[in-house]
Amino acid sequence: MAQKTAEELAKKQREISIAEFFEKNRHLLGFDNPRRALMTAVKEAVDNALDACEEARILPEVNVELIQLEETRFRVIIEDNGPGIIRAQLPKIFAKLLYGSKFHKLAQTRGQQGIGISAAVLYGQLTTGKPATIISKTGKGVKAIQVKLKINTQTNSPDVVEEKEVDWDEKEQGTRIEIDMEGAYLKGRQSVDEYLKETSIVNPHCTIIYTNPEANQFIFPRATDQLPPEAREIKPHPYGVELGRLIKMLETSTASTLQQFLTEEFVRVGAGTAKEICASAGLLPTTKTKNMNRDLTENLLKGIQNTKIMAPPTDCISPITAELLERGLRKEINAEFYCSTTRPPAVYRGNPFIIEAALAYGGEQEGDTSVRILRFANRVPLLYQQGACAITSSIQATTWRLYGLQQSKNALPIGPCTVVVHMSSVWVPFTSESKEALAQYPEIIKEIKLALQECGRKLASFVNKKRRINEESKKRSYIEKYIPHVADALKGIVGLTDIQKKQVEDDLCTILEHTRGELEEIGVDNPDYDPELAQIGAEEESEELMDEEEDIPKKKGKPKKEEEDGEGEESFSDYEDSDNDTGERQMKLS
Amino acid sequence: MATKKENTMSKQVLGKIRDIAKGMYDTIRLQKKPEIEMPIRALSNVSYDEREGYFKLLKSVKSRTLTASTIKTFAQTLRMMELSKQLVETDDIATKREAYYVSKNWGDARFREQPESDTVMDDIEAMMGVNREQIGFIPEEKGGAVAGELTVIDQDQDTGKELEIDCTKFGSGAYSIPSSVEHLRFKTKAKFILAIETSGMFERLNKHNYWKKANCILISMGGVPTRACRRFIRKLADEQKLPVYVFCDGDFYGYFNIYRTLKVGSGNAAHINEYFCVPQAQYIGITPQDIIDYQLPTHPLKEIDIKRARDALKNDPFVQHYKAWQKAADQQIKMKARAEQQALAKHGLNFVIDKYLPDKLKNQKTWLP
């Protein structure tokens, strides 16, 4: 074979457009199988709709419709009542990857990168060859604009196939997107149905109207008119920057001195802190930013790291609140016990975040399988990649046996329980662009574990109480069961009459019952439960599909018996062995 | 005569059962919680005195108060007493297993496994301070095998006529000790009783008519001797004034479970040890010293063996009483080995008959107390 020269090879070397890259790596964006593709498309559009409404301080009402066109082809339609998008921005927002408003700012929003919705358009285009249709109207009395968009994958730029003004009278303002794509509609825990339901649970201020391919309409009405506080943008915290970023910031900053630069570009840096940083870096606060070379910048970074700087402000984060989280859980699950907690704000890499957790225990939940996990990030449900998520590993690393659930080492706990974890942050660290799993930062894992432990302690006291009540009712049934035997035997030995025997039974009842108080009732008392809602996503999935769910960790077998030892679980059945009981005592008679 | 005596005993037992139940009935009618009391049957609650010659029950008692948690056991105890009453009244008996099956008629109060019913039976026995045969329950277990110069006088089950059983006439078989031995009488010209741990060794000695050679009575205990076996040896030894020699494996099970139980009784049956022990028993072998003297092949001691020995040294009043046993136990722990009776076969199959037993019987110094 003839050798090739570098020049020959160079002919084949060329730039790769981001759109081309994702065309080949669609799995990175969550379009790896038809079922997930459908869910991801809906998810990206709904996330954008909610973000837009909240930013414009409008109570969101989102219409989602899935129409099955062919066996494997669907039309996905999402319509919102948001502020609309001006004509000039429409093509870029929907048909250019990595174009968006949220990447460069630190604020608690659902979208981050500016990839999602254009990726959905790209996927539709790839699988059907058709453009996406977008209609947007920015206000009353204005005509709506309708565009048909494709993405030029070589240049990653929008290609407007058709554009016209249309009447959209039924809508005062809003945006509607229609994408035709390959897909598969299946129910279950990773379905569009489940995603929309969970979204409505953690976004009680929005109304979602959903029509599925079977033409069944679900309405998830808003539970509150209170919009969450506006997502406030914050500047980066000094602890979160790396050298390259710092150099870039110095280059682009309008500040002339280091002192100005530090106080203007970062949060939590006042004049005093800025001086401290400079002193610790061995630099003068008056140093000109344009004179900062690489080495000096590295010194500055060390100075930042060696200075004590107040944690970033946390009022920029709005958690769902423990109360709303619990209320949502009550709608979904009929349990005997609920609890929830919101952790105080914490920081990872200079980004503030808040962890919230909630538990639902007992009731109608199955007891011999792993607990069900509901994961959320900035009010978005995470349905895929459970195994890769920091939430899952935090649950596994928590010692649930202390709280009354069974657990094998480093496995998910087993028991009739649902665990909910929500992370809100100005920047949620996802493991990939499809945004389904939280990255494993130690600070985040620590906070999740603390939240779970708080809930766990409450759970433990409930489980113990339940155990006591079970024991108590068992004792009572014992009394009822065995009194006749005592009386009968006494009758046989002493020769009692039937009346005397009855008296013995009554006396025994009095003797044994009067030391016992009222029996507390434990059961499901949950007026918030919505059986129809709970049914969504709970349907059986087909076998074939289960195989595709690569990221659900294989259910571990039940914990081995010996691992449960010392847990007190056995004490339930210990009544026959009266030698350990309170009624028995040993004493010395001398 | 015997029947009359038995009748009085039955009356006493019936009276006791009635008294306990009546006491409970009265307490309940006063709307107080009834209690039952029974001695604690464990090594921790026995003492050993050489003059008394057996494990004597101390005063620790456990009392069980009727509560929600104990009511099942209470119900079962009373049911069992009712059954006992019926048995004594009709002069019938039930094996422990049969009693367990009778309980299947008791609905919720039935026993799930036989050990549960055995425990309740033992409780009643201890509570009343009687022997379980007196309250109509007999064990399943075989009493033991007898061969040698002995005539046992029993009764014909149908006619009640006297029946003489010649224990020399069983050939390669043996006379089997019944579960109740109180009515038996004996005739013998033998010089001593040899109680043997394993039936294998018993077979060997019996096959070669060792009893004829040594003029003795051979009794196979087959492990820890049953109550009947202990009582049989005791009665025979007392009535015929015979010494009792014990021949076991050279291990802690042989010393402290088999021999000690035979000689002074057990913790579990402490309330009846007085009659179910053989204080005159003496241990002739295999001793730790025998292992050395006869160069016996050994097996290493297991963890459990050493634990048993240390346990005995620490908790067994019998071992604590005898320095000789403590020394022997220490010696064996150091040796880290044990030897079985059959190990004597190393020197020839009949070495035990021709050399070992004659030597040992002659030399009392090699025995253990």
# chains A, B, ... in the order shown; residues from 1 in each chain; ligands from 1
>>> interface_residues(of="chain B", to="chain A", cutoff="6 Å", atoms="only C-alpha atoms", output="ChimeraX atom specification")
/B:18,31,59-60,62,64-65,67-68,70,72,75,78-79,82
>>> select_by_dssp(residues="segment 237-283 of chain B", states="alpha helix (DSSP H)", output="VMD selection string")
chain B and resid 237 to 240 252 260 to 264
>>> write_last_selection(atoms="N, CA and C atoms", output="short mmCIF file (atom, residue, chain, number, x, y, z; two decimals), in the first residue's frame")
data_model
loop_
_atom_site.label_atom_id
_atom_site.label_comp_id
_atom_site.auth_asym_id
_atom_site.auth_seq_id
_atom_site.Cartn_x
_atom_site.Cartn_y
_atom_site.Cartn_z
N ALA B 237 -27.49 -50.80 91.86
CA ALA B 237 -26.28 -50.66 92.67
C ALA B 237 -26.64 -50.55 94.15
N ASP B 238 -27.69 -49.77 94.45
CA ASP B 238 -28.12 -49.60 95.84
C ASP B 238 -28.58 -50.93 96.43
N GLU B 239 -29.50 -51.58 95.70
CA GLU B 239 -30.13 -52.77 96.25
C GLU B 239 -29.16 -53.94 96.36
N GLN B 240 -28.25 -54.06 95.39
CA GLN B 240 -27.33 -55.19 95.40
C GLN B 240 -25.96 -54.81 95.94
N PHE B 252 -13.95 -34.58 76.63
CA PHE B 252 -14.71 -33.81 77.61
C PHE B 252 -16.18 -34.16 77.60
N ARG B 260 -20.47 -37.23 84.33
CA ARG B 260 -20.96 -36.33 85.38
C ARG B 260 -22.47 -36.44 85.52
N THR B 261 -23.21 -36.54 84.42
CA THR B 261 -24.66 -36.66 84.49
C THR B 261 -25.06 -37.97 85.17
N LEU B 262 -24.33 -39.03 84.85
CA LEU B 262 -24.64 -40.31 85.48
C LEU B 262 -24.42 -40.23 86.99
N LYS B 263 -23.30 -39.60 87.37
CA LYS B 263 -22.91 -39.64 88.78
C LYS B 263 -23.72 -38.67 89.65
N VAL B 264 -23.87 -37.44 89.17
CA VAL B 264 -24.49 -36.45 90.06
C VAL B 264 -25.74 -35.80 89.46
#
>>> atom_distance(atom1="atom CA of Ile28 of chain B", atom2="atom CA of Ser10 of chain B")
27.1 Å
>>> atom_distance(atom1="atom CA of Gln190 of chain A", atom2="atom CA of Arg75 of chain A")
19.0 Å
>>> residues_around(residues="segment 261-266 of chain A", least_positions_apart="2", cutoff="10 Å", atoms="only C-alpha atoms", output="PyMOL selection string")
chain A and resi 234-239+241+249-250+253-259+268-275+277-278+285+288-289+304+312
>>> write_last_selection(atoms="C-alpha atoms", output="PDB file, in the first residue's frame")
ATOM      1  CA  ILE A 234     -25.790  36.146  40.145  1.00  0.00           C
ATOM      2  CA  LYS A 235     -22.211  36.808  39.228  1.00  0.00           C
ATOM      3  CA  PRO A 236     -19.785  33.965  39.670  1.00  0.00           C
ATOM      4  CA  HIS A 237     -18.271  33.299  43.047  1.00  0.00           C
ATOM      5  CA  PRO A 238     -14.448  33.488  43.168  1.00  0.00           C
ATOM      6  CA  TYR A 239     -14.183  29.930  44.477  1.00  0.00           C
ATOM      7  CA  VAL A 241     -13.482  29.955  38.697  1.00  0.00           C
ATOM      8  CA  MET A 249     -12.611  37.341  32.432  1.00  0.00           C
ATOM      9  CA  LEU A 250      -9.595  39.613  32.860  1.00  0.00           C
ATOM     10  CA  SER A 253     -13.559  42.961  31.759  1.00  0.00           C
ATOM     11  CA  THR A 254     -14.123  46.686  31.512  1.00  0.00           C
ATOM     12  CA  ALA A 255     -12.493  47.214  34.893  1.00  0.00           C
ATOM     13  CA  SER A 256      -9.097  48.880  34.781  1.00  0.00           C
ATOM     14  CA  THR A 257      -7.624  47.835  38.122  1.00  0.00           C
ATOM     15  CA  LEU A 258      -7.539  44.498  39.872  1.00  0.00           C
ATOM     16  CA  GLN A 259      -9.483  45.997  42.754  1.00  0.00           C
ATOM     17  CA  ARG A 268     -19.235  38.466  47.731  1.00  0.00           C
ATOM     18  CA  VAL A 269     -16.119  40.487  46.988  1.00  0.00           C
ATOM     19  CA  GLY A 270     -16.159  43.941  48.551  1.00  0.00           C
ATOM     20  CA  ALA A 271     -13.295  46.385  48.803  1.00  0.00           C
ATOM     21  CA  GLY A 272     -11.930  44.689  51.909  1.00  0.00           C
ATOM     22  CA  THR A 273     -12.035  41.182  50.501  1.00  0.00           C
ATOM     23  CA  ALA A 274     -10.506  42.379  47.241  1.00  0.00           C
ATOM     24  CA  LYS A 275      -7.573  43.898  49.138  1.00  0.00           C
ATOM     25  CA  ILE A 277      -7.111  38.623  47.951  1.00  0.00           C
ATOM     26  CA  CYS A 278      -4.512  40.909  46.397  1.00  0.00           C
ATOM     27  CA  PRO A 285      -4.916  46.191  44.150  1.00  0.00           C
ATOM     28  CA  LYS A 288      -3.845  47.238  35.782  1.00  0.00           C
ATOM     29  CA  THR A 289      -5.952  44.343  34.467  1.00  0.00           C
ATOM     30  CA  ILE A 304      -8.461  33.725  45.948  1.00  0.00           C
ATOM     31  CA  PRO A 312     -22.419  33.114  47.578  1.00  0.00           C
TER      32      PRO A 312
END
>>> residues_around(residues="Lys85 of chain B", least_positions_apart="6", cutoff="9 Å", atoms="only C-alpha atoms", output="PyMOL selection string")
(chain A and resi 493) or (chain B and resi 13-14+17-18+135-136)
>>> write_last_selection(atoms="N, CA and C atoms", output="PDB file, in the first residue's frame")
ATOM      1  N   ILE A 493     -59.723 -29.015  85.075  1.00  0.00           N
ATOM      2  CA  ILE A 493     -58.949 -29.470  86.230  1.00  0.00           C
ATOM      3  C   ILE A 493     -59.731 -29.270  87.530  1.00  0.00           C
TER       4      ILE A 493
ATOM      5  N   VAL B  13     -50.382 -36.599  93.305  1.00  0.00           N
ATOM      6  CA  VAL B  13     -50.163 -35.841  92.068  1.00  0.00           C
ATOM      7  C   VAL B  13     -51.432 -35.107  91.660  1.00  0.00           C
ATOM      8  N   LEU B  14     -52.558 -35.842  91.705  1.00  0.00           N
ATOM      9  CA  LEU B  14     -53.829 -35.222  91.329  1.00  0.00           C
ATOM     10  C   LEU B  14     -54.144 -34.044  92.235  1.00  0.00           C
ATOM     11  N   ILE B  17     -51.986 -31.050  91.209  1.00  0.00           N
ATOM     12  CA  ILE B  17     -52.469 -30.398  89.984  1.00  0.00           C
ATOM     13  C   ILE B  17     -53.680 -29.539  90.310  1.00  0.00           C
ATOM     14  N   ARG B  18     -54.619 -30.121  91.100  1.00  0.00           N
ATOM     15  CA  ARG B  18     -55.845 -29.412  91.458  1.00  0.00           C
ATOM     16  C   ARG B  18     -55.511 -28.168  92.270  1.00  0.00           C
ATOM     17  N   ILE B 135     -46.386 -37.953  86.445  1.00  0.00           N
ATOM     18  CA  ILE B 135     -47.532 -37.215  85.893  1.00  0.00           C
ATOM     19  C   ILE B 135     -47.953 -37.775  84.539  1.00  0.00           C
ATOM     20  N   GLY B 136     -47.498 -38.987  84.258  1.00  0.00           N
ATOM     21  CA  GLY B 136     -48.057 -39.730  83.130  1.00  0.00           C
ATOM     22  C   GLY B 136     -47.314 -39.580  81.820  1.00  0.00           C
TER      23      GLY B 136
END
>>> closest_atom_pairs(of="segment 307-340 of chain A", to="segment 101-119 of chain A", cutoff="9 Å", atoms="only C-alpha atoms", output="tab-separated table")
residue	atom	partner	partner_atom	distance
A:Cys316	CA	A:Ala107	CA	7.0
A:Ile317	CA	A:Gln108	CA	6.2
A:Ser318	CA	A:Gln108	CA	7.8
>>> atom_distance(atom1="atom CA of Arg97 of chain B", atom2="atom CA of Asn131 of chain B")
17.2 Å
>>> residues_around(residues="Thr133 of chain A", least_positions_apart="6", cutoff="10 Å", atoms="only C-alpha atoms", output="mmCIF file with C-alpha atoms, in the first residue's frame")
data_model
loop_
_atom_site.group_PDB
_atom_site.id
_atom_site.type_symbol
_atom_site.label_atom_id
_atom_site.label_comp_id
_atom_site.auth_asym_id
_atom_site.auth_seq_id
_atom_site.Cartn_x
_atom_site.Cartn_y
_atom_site.Cartn_z
ATOM 1 C CA ILE A 77 -47.044 19.779 19.467
ATOM 2 C CA PHE A 94 -35.125 26.768 17.325
ATOM 3 C CA VAL A 121 -35.751 19.958 15.632
ATOM 4 C CA GLN A 146 -45.159 31.172 11.396
ATOM 5 C CA VAL A 147 -41.817 29.771 10.285
ATOM 6 C CA LYS A 148 -40.755 26.390 9.014
ATOM 7 C CA LEU A 149 -37.186 25.697 10.052
ATOM 8 C CA LYS A 150 -34.455 23.261 9.239
ATOM 9 C CA VAL A 161 -37.923 26.997 4.614
ATOM 10 C CA GLU A 162 -41.051 29.116 4.771
ATOM 11 C CA GLU A 163 -42.138 32.195 6.619
ATOM 12 C CA ARG A 176 -46.353 26.786 19.434
ATOM 13 C CA ILE A 177 -43.935 24.273 18.009
ATOM 14 C CA GLU A 178 -44.730 21.251 15.869
ATOM 15 C CA ILE A 179 -42.129 18.629 15.121
ATOM 16 C CA ASP A 180 -42.638 15.399 13.198
#
>>> closest_residue(among="B:Thr8, B:Thr77, B:Gln364, B:Gln280", to="Leu242 of chain B", atoms="only C-alpha atoms")
B:Gln280
>>> residues_around(residues="Arg41 of chain B", least_positions_apart="5", cutoff="10 Å", atoms="only C-alpha atoms", output="list in words")
Val46, Leu57, Leu58, Ser60, Val61, Lys62, Asp122, Asp123, Ala126, Ser266, Gly267, Asn268, Ala269, Ala270 and His271 of chain B
